[in-house]
Amino acid sequence: MLFSIAVCAQDPCLRAGLQRHCQDYFARRADSCLVEPMDSPRALLDRDAQNARYHLYLIELAGQPGGTLPEGLEAAMELRRRGRRTPLAFLARTPAWAYYAYRADAIQYLLCPPRYESVAALLDRAVEPEYGPALTLPTAAGLRVLPFGQIEYVECTQHIVHFHLTSGEAVASLSQRVPFLRLATPLLADGRFIQTHRSYLANLAEVRLLTAGEVQMASGARLPMPQGRAEQVRQALLAWQNRAR
């Protein structure tokens, strides 16, 4: 599959830099990508109206805090209204628009100038499940391959492990004769999961709120979190957010 990326930025240096980072990322995987640069949010919406489709949108947010919403943000919201569920990420020179950006369901918000490492971490998420790590799970229906990026949280009850996916589906394992933590080892080793309770794992990328005694996920699910684990979970979430920037 040729991974296609729309890079929408008014700044020509930013456009060129993003294109170079994307091409370098795929070259290191002995693969290639198609990057289409655009110099305005209007151009992006026009290409969408022409049925151009991409696997990722990278959109610059140009504007001053306190003014009207950046055109790039309005364009992203328009894409969502048109039903485009493609992953998108924003690049800005200030964190002022971050709250609004996540209302457009952005997977990342990067500050300019973006470092290669930050763009690579973003692309790691965007290309899943094509290249990302996955878990092979025996189920009653046969073997299921579950990409890590599609697992929102994991719950173990009565020797059955339930994988709750970001799509809303729940996939149950066969009855397990090994400790839960042994099955969870590859997820914890990946770095994006944290154990919130002896029977729960949470995908840090899907955590939306930590409150007393629980972790709230993007789907609205609430996972128990004993007081003794609260600081560990908080530190893991902060480290994940810093890594993703």
# chains A, B, ... in the order shown; residues from 1 in each chain; ligands from 1
>>> select_by_dssp(residues="segment 2-154 of chain A", states="strand (DSSP E or B)", output="VMD selection string")
chain A and resid 3 to 8 33 to 38 56 to 61 88 to 92 108 to 111 134 to 139 142 to 147 151 to 154
>>> select_by_dssp(residues="segment 41-157 of chain A", states="helix (DSSP H, G or I)", output="ChimeraX atom specification")
/A:41-49,71-81,95-103,116-126,148-150
>>> write_last_selection(atoms="C-alpha atoms", output="PDB file, in the first residue's frame")
ATOM      1  CA  PRO A  41      -6.760  25.205   3.744  1.00  0.00           C
ATOM      2  CA  ARG A  42      -8.972  26.140   0.780  1.00  0.00           C
ATOM      3  CA  ALA A  43      -6.769  24.028  -1.495  1.00  0.00           C
ATOM      4  CA  LEU A  44      -7.184  21.119   0.907  1.00  0.00           C
ATOM      5  CA  LEU A  45     -10.982  21.366   0.863  1.00  0.00           C
ATOM      6  CA  ASP A  46     -10.980  21.737  -2.918  1.00  0.00           C
ATOM      7  CA  ARG A  47      -8.945  18.541  -3.270  1.00  0.00           C
ATOM      8  CA  ASP A  48     -11.370  16.776  -0.953  1.00  0.00           C
ATOM      9  CA  ALA A  49     -14.282  17.951  -3.106  1.00  0.00           C
ATOM     10  CA  GLU A  71      -8.343  28.535   8.736  1.00  0.00           C
ATOM     11  CA  GLY A  72      -6.550  25.209   9.047  1.00  0.00           C
ATOM     12  CA  LEU A  73      -8.622  24.301  12.086  1.00  0.00           C
ATOM     13  CA  GLU A  74     -11.856  25.307  10.378  1.00  0.00           C
ATOM     14  CA  ALA A  75     -10.868  23.219   7.348  1.00  0.00           C
ATOM     15  CA  ALA A  76     -10.213  20.201   9.568  1.00  0.00           C
ATOM     16  CA  MET A  77     -13.617  20.561  11.215  1.00  0.00           C
ATOM     17  CA  GLU A  78     -15.196  20.808   7.771  1.00  0.00           C
ATOM     18  CA  LEU A  79     -13.497  17.560   6.767  1.00  0.00           C
ATOM     19  CA  ARG A  80     -14.989  15.933   9.852  1.00  0.00           C
ATOM     20  CA  ARG A  81     -18.433  17.290   8.967  1.00  0.00           C
ATOM     21  CA  PRO A  95      -0.115  25.653  22.113  1.00  0.00           C
ATOM     22  CA  ALA A  96      -3.051  28.092  22.238  1.00  0.00           C
ATOM     23  CA  TRP A  97      -5.167  26.093  19.785  1.00  0.00           C
ATOM     24  CA  ALA A  98      -4.598  22.664  21.322  1.00  0.00           C
ATOM     25  CA  TYR A  99      -8.019  22.451  22.994  1.00  0.00           C
ATOM     26  CA  TYR A 100      -9.829  23.241  19.759  1.00  0.00           C
ATOM     27  CA  ALA A 101      -7.568  20.883  17.816  1.00  0.00           C
ATOM     28  CA  TYR A 102      -8.623  17.864  19.805  1.00  0.00           C
ATOM     29  CA  ARG A 103     -12.263  18.776  19.199  1.00  0.00           C
ATOM     30  CA  TYR A 116      12.091  14.435  12.879  1.00  0.00           C
ATOM     31  CA  GLU A 117      11.649  12.354  16.047  1.00  0.00           C
ATOM     32  CA  SER A 118       8.262  13.954  16.732  1.00  0.00           C
ATOM     33  CA  VAL A 119       7.060  13.427  13.173  1.00  0.00           C
ATOM     34  CA  ALA A 120       8.300   9.828  13.234  1.00  0.00           C
ATOM     35  CA  ALA A 121       6.383   9.130  16.461  1.00  0.00           C
ATOM     36  CA  LEU A 122       3.287  10.621  14.840  1.00  0.00           C
ATOM     37  CA  LEU A 123       3.731   8.464  11.742  1.00  0.00           C
ATOM     38  CA  ASP A 124       4.212   5.381  13.926  1.00  0.00           C
ATOM     39  CA  ARG A 125       0.658   5.907  15.145  1.00  0.00           C
ATOM     40  CA  ALA A 126      -0.775   6.913  11.789  1.00  0.00           C
ATOM     41  CA  PHE A 148      -1.810  -2.350  19.611  1.00  0.00           C
ATOM     42  CA  GLY A 149      -3.037   1.010  18.334  1.00  0.00           C
ATOM     43  CA  GLN A 150      -6.604  -0.309  18.071  1.00  0.00           C
TER      44      GLN A 150
END
>>> closest_atom_pairs(of="segment 91-152 of chain A", to="segment 168-175 of chain A", cutoff="7 Å", atoms="only C-alpha atoms", output="Markdown table")
| residue | atom | partner | partner_atom | distance |
| --- | --- | --- | --- | --- |
| A:Leu137 | CA | A:Ser173 | CA | 6.5 |
| A:Pro138 | CA | A:Ser173 | CA | 5.9 |
| A:Thr139 | CA | A:Ser173 | CA | 4.8 |
| A:Ala140 | CA | A:Leu174 | CA | 6.3 |
>>> atom_distance(atom1="atom CA of Pro70 of chain A", atom2="atom CA of Gln10 of chain A")
11.6 Å
>>> residues_around(residues="segment 14-16 of chain A", least_positions_apart="3", cutoff="9 Å", atoms="only C-alpha atoms", output="PyMOL selection string")
chain A and resi 7-11+19-21+37-39+60+112-114
>>> write_last_selection(atoms="C-alpha atoms", output="PDB file, in the first residue's frame")
ATOM      1  CA  VAL A   7       0.562  18.427   3.908  1.00  0.00           C
ATOM      2  CA  CYS A   8      -1.333  21.706   4.201  1.00  0.00           C
ATOM      3  CA  ALA A   9       0.845  24.658   5.280  1.00  0.00           C
ATOM      4  CA  GLN A  10       1.101  28.262   4.193  1.00  0.00           C
ATOM      5  CA  ASP A  11       4.753  28.360   5.276  1.00  0.00           C
ATOM      6  CA  GLN A  19       7.634  16.406   3.201  1.00  0.00           C
ATOM      7  CA  ARG A  20      11.277  15.595   3.874  1.00  0.00           C
ATOM      8  CA  HIS A  21      10.550  14.087   7.304  1.00  0.00           C
ATOM      9  CA  PRO A  37       1.779  19.650  -0.504  1.00  0.00           C
ATOM     10  CA  MET A  38      -0.913  22.345  -0.398  1.00  0.00           C
ATOM     11  CA  ASP A  39      -0.426  26.021   0.397  1.00  0.00           C
ATOM     12  CA  GLU A  60      -0.619  24.036   9.877  1.00  0.00           C
ATOM     13  CA  CYS A 112       6.945  24.244  15.139  1.00  0.00           C
ATOM     14  CA  PRO A 113       9.548  23.656  14.002  1.00  0.00           C
ATOM     15  CA  PRO A 114       8.773  19.923  14.184  1.00  0.00           C
TER      16      PRO A 114
END
>>> atom_distance(atom1="atom CA of Arg222 of chain A", atom2="atom CA of Gln235 of chain A")
18.8 Å
>>> residues_around(residues="segment 186-203 of chain A", least_positions_apart="4", cutoff="8 Å", atoms="only C-alpha atoms", output="PDB file with C-alpha atoms, in the first residue's frame")
ATOM      1  CA  PHE A 148      -1.810  -2.350  19.611  1.00  0.00           C
ATOM      2  CA  ILE A 151      -6.751  -1.545  21.682  1.00  0.00           C
ATOM      3  CA  GLU A 152      -8.308   1.045  23.992  1.00  0.00           C
ATOM      4  CA  TYR A 153      -8.110  -0.989  27.186  1.00  0.00           C
ATOM      5  CA  VAL A 154      -7.852  -4.572  28.420  1.00  0.00           C
ATOM      6  CA  GLU A 155      -9.921  -6.193  31.153  1.00  0.00           C
ATOM      7  CA  CYS A 156      -9.498  -9.625  32.744  1.00  0.00           C
ATOM      8  CA  THR A 157     -12.502 -11.317  34.390  1.00  0.00           C
ATOM      9  CA  PHE A 180      -2.942 -11.983  33.314  1.00  0.00           C
ATOM     10  CA  VAL A 207      -6.796   8.201  28.303  1.00  0.00           C
ATOM     11  CA  VAL A 215      -9.174   6.438  34.657  1.00  0.00           C
ATOM     12  CA  LEU A 223     -11.313   1.907  34.689  1.00  0.00           C
ATOM     13  CA  PRO A 224     -10.637   1.403  38.398  1.00  0.00           C
ATOM     14  CA  MET A 225      -7.398   2.826  39.770  1.00  0.00           C
ATOM     15  CA  PRO A 226      -6.466   2.107  43.390  1.00  0.00           C
ATOM     16  CA  ARG A 229      -1.317   3.166  41.558  1.00  0.00           C
ATOM     17  CA  ALA A 230      -2.458   6.736  40.969  1.00  0.00           C
ATOM     18  CA  VAL A 233      -0.368   6.111  36.196  1.00  0.00           C
ATOM     19  CA  ALA A 236       3.233   7.313  32.805  1.00  0.00           C
ATOM     20  CA  TRP A 240       3.629   9.495  27.112  1.00  0.00           C
TER      21      TRP A 240
END
>>> closest_residue(among="A:Ser4, A:Gln176, A:Gln216, A:Ser167", to="Leu34 of chain A", atoms="only C-alpha atoms")
A:Ser4
>>> atom_distance(atom1="atom CA of Leu143 of chain A", atom2="atom CA of His164 of chain A")
16.2 Å
>>> closest_residue(among="A:Val178, A:Leu110, A:Arg28, A:Arg144", to="His159 of chain A", atoms="only C-alpha atoms")
A:Val178
>>> residues_around(residues="Leu2 of chain A", least_positions_apart="3", cutoff="9 Å", atoms="only C-alpha atoms", output="ChimeraX atom specification")
/A:31-34
>>> write_last_selection(atoms="C-alpha atoms", output="short mmCIF file (atom, residue, chain, number, x, y, z; two decimals), in the first residue's frame")
data_model
loop_
_atom_site.label_atom_id
_atom_site.label_comp_id
_atom_site.auth_asym_id
_atom_site.auth_seq_id
_atom_site.Cartn_x
_atom_site.Cartn_y
_atom_site.Cartn_z
CA ASP A 31 9.15 1.85 1.74
CA SER A 32 7.76 4.98 0.12
CA CYS A 33 4.93 7.44 0.54
CA LEU A 34 3.08 9.98 -1.57
#
